[in-house]
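Take a look at the structure below.
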Amino acid sequence: MSSSARLARWLVPVVVLVAWLGVGGALGPYAGKLGEVATNDQAAFLPQNAESTKVVDAQRAFRQEETLPAIVVWTATGGGDVNAGQRKAATGALASLDGTAGVVGSSPAVASRDGQALQGVVQLRPDLGERLAETMEEVGAAARVPGTSVQLAGPAARQADLADAFAGIDGLLLGVALVTVLVILLLVYRSVLLPLVIITGAVFALGLACGVVYALADRDVVRVDGQVQGILSILVIGAATDYALLLTARFREELARHDDRVAAMRAAVRESAGPVVASAATVALGLIALLLSDLTNNRALGPVGAIGIVCAVLSSLTFLPAVLVLLGRGAFWPARPKPSGAAGDSGGSRGIWSRIAALVDRAPRKVWALTLAGLIACAAFAPTLTSKGVPLDELFVDDAPSVAAQRTLSEHFPAGSGSPAVIITDADRTEQVTAAAGSLDGVARALPVTASGRPGGEAPLVVDGRVRIDATLEDASDSDAAKETVARLRAAVHAVPGADALVGGYTAQQYDTQRTAARDRTLIVPVVLAIILVILVGLLRSLLMPVLLVATVALNFLATLGVSSLVFQHVLGFSGTDASVPLYGFVFLVALGVDYNIFLMSRVREESLEHGTRQGVLRGLTATGGVITSAGVVLAATFAALGVIPLAFLVQIAFIVAFGVLLDTLVVRSLLVPALVRDIGPAAWWPGALSRRPEAEKPRTHTG
């Protein structure tokens, strides 16, 4: 080999490595900067075309500036009634806040019917951002009245608690995920350098993804909130590690066949790139399908997650090969692979995967029948998973201050106090609409909003020929009963001729979100399945095999939902799940679950071309069993790290994905799929060339 050729062999990986070091240095800090362009304003994530969203837009005309209400609740210390002096002091305390930075206005304190509590509202600016927590502390301090306890409830308090839940979470979540992955890799590979190389590649991928997302979010091309931030970090770290494990395992195999590390890496990339790209495509396109959703938070996750997956693939197929070529066998120190000179010995591994392959070979029908029965039994509980939304008192895993305050508020005032149903209607139908709303079962009172911003007592405020009516509900604003009341309220006010009435507010938003989420599942689930099916057909050059794989992964999803329902209700104490949880769980589990089947079946197909379907299944399972199981454990552990964020939504997603990935890795991919393919035989590859090749036929070297 000429000196120039030798130079080129080493110059390319060095240039690639330097380029990635530049990316890491320049874009790495953006992993901690996404919060600067993120919003946790829940109003920004409503269904785009829902009636409640139209009300949000219409409400803006009724105030000189948009506000975020904080509800102050006073109760007498030690129980008993609040007195007139305390009520006067409470009103004065709120009035003293007028003119304070961030405060738009306030209302007088109002006593509850039982006389044991007071309630007042402080209207805050909605753009306080990081200053919201500080402003809420100022409100709480100013609202202190001798002889009473003060609590803060309402949208402002809830948003402050959300911001607190996500405060500093970037570093914590990333740290937990990386340490977890590092420990697993050290235990599995017993190598010092390799885990560090893989983790470094994942961190570089995350830095690149965050840099791209930051630039797009800063230009309002994509939207980011705390949930999207958390999922992006976990998704990139998990995916980049999975792809790296597949490539690394193949490189180790090739090093046993080749003395030349460059030749070994070329072979490893040649055989691994197809499965890695196909696997990434299933996840990325599955996430892109979320753009079909009418829920803005779903639409936000789609492109952001897809960007993360693309960056994970780039790192795995460029940075990792460059470093491994430079390190060679030293990457695996102290267990360096040695040249064996035995090409194609993929089926010669020993250990647990040889025994599992022998079991599948000996009794395939019994294996798939038992595993199928177990999955179906778990799936039977899937319909018990309710996705009507998480009640406010379960929104946070711990007892957040806003939750405790809302509980106190509901004990002394109508349960819907602080979160009224908002009705926008034509001014000349104000009396009829108010009467229709106020006479409805489930509505405590309905009053037009006046120029002072408070319902009742003055002439209604008319803006562009429209008025706003606030209807306080009898039931808690997040309850099923309140949502049913909103549905009846809409029917009642829509029936008023010429009113052109719209009903919104917190309960209506939850009701619309629930209905929109159900519609999204009906639309997006088939689209994702079709995308995955097309990718599998192109990769495996078969029709029956892709259908089989998609069916098993879908069954795994249903089984996971069934187990999750039991755990959520009887172990974690959740009475419901967020409306988006089933769809998120489906996209992640089905797309990621197909990943492992792609890794397995692409290797099975490769081996089947050489040795026939029976030996192909056994050799493919034995060769990939360890690395795919390691990848599944790593991915499950990284998603489980989402549980450090004390929000029910993310805890539910963390459990569903972590458990589902383990179930898919340990049962579906290890037992069910190999046993089915072994039992069906060459016909599983119909109508590809492999399906027409008898098992005893001499192997052909070209692909079918």
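Letters A, B, ... go to the chains of the structure tokens in the order shown; residues in each chain start at 1; ligands are counted from 1 in the same order.
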
### Message
What's around Pro383 in chain A at 10 Å? Count only C-alpha atoms, leave out sequence neighbours fewer than 4 positions away in its own chain, and write the answer as a PyMOL selection string.
### Response
chain A and resi 379+558+561-562+565

Save the residues we just selected, N, CA and C atoms, as a compact mmCIF listing (two decimals), in the first residue's frame?
# COMPACT_ATOMS: atom_id res chain seq x y z
N ALA A 379 -52.79 -8.36 27.56
CA ALA A 379 -53.51 -7.41 26.69
C ALA A 379 -54.98 -7.31 27.05
N LEU A 558 -50.23 -3.67 23.34
CA LEU A 558 -51.48 -3.90 24.07
C LEU A 558 -51.22 -4.59 25.40
N LEU A 561 -49.96 -1.99 27.80
CA LEU A 561 -51.06 -1.16 28.31
C LEU A 561 -51.83 -1.89 29.39
N GLY A 562 -52.06 -3.19 29.20
CA GLY A 562 -52.78 -3.97 30.19
C GLY A 562 -52.05 -4.00 31.52
N SER A 565 -52.06 -0.52 33.16
CA SER A 565 -53.33 -0.19 33.79
C SER A 565 -53.39 -0.74 35.21

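By only C-alpha atoms, and with residues fewer than 5 positions from Thr638 in chain A along its chain excluded, the set lying at most 9 Å from it is Val176, Ala177, Leu178, Thr180, Val181, Ile234, Leu235, Ile237, Gly238, Val633, Ala654 and Ala658 of chain A.
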
Once you have the residues from the selection above, write them out as a tab-separated table (two decimals), in the first residue's frame, restricted to C-alpha atoms.
chain	number	residue	atom	x	y	z
A	176	VAL	CA	-29.20	10.10	35.72
A	177	ALA	CA	-29.55	8.75	32.18
A	178	LEU	CA	-25.82	8.87	31.42
A	180	THR	CA	-27.35	4.55	34.27
A	181	VAL	CA	-26.16	3.79	30.73
A	234	ILE	CA	-33.86	10.45	26.80
A	235	LEU	CA	-34.69	9.60	23.19
A	237	ILE	CA	-29.25	9.08	24.56
A	238	GLY	CA	-31.20	5.82	24.29
A	633	VAL	CA	-32.00	-2.78	28.94
A	654	ALA	CA	-41.51	6.27	31.66
A	658	ALA	CA	-39.46	1.00	29.99

### Message
Set the distance at 12 Å and use only C-alpha atoms: which residues neighbour Val667 in chain A once local chain neighbours fewer than 6 positions away are removed? I'd like the list as a count of residues only.
### Response
26

### Task
For CA of Val55 in chain A and CA of Arg490 in chain A, determine how far apart the two atoms are, in Å to one decimal place.
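Computed distance, CA of Val55 in chain A to CA of Arg490 in chain A, equals 12.4 Å.
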
### Task
Among the residues of range 51-177 of chain A, find those DSSP assigns to helix (DSSP H, G or I) from the backbone and print them as a PyMOL selection string.
chain A and resi 51-62+84-95+129-142+154-166+169-177
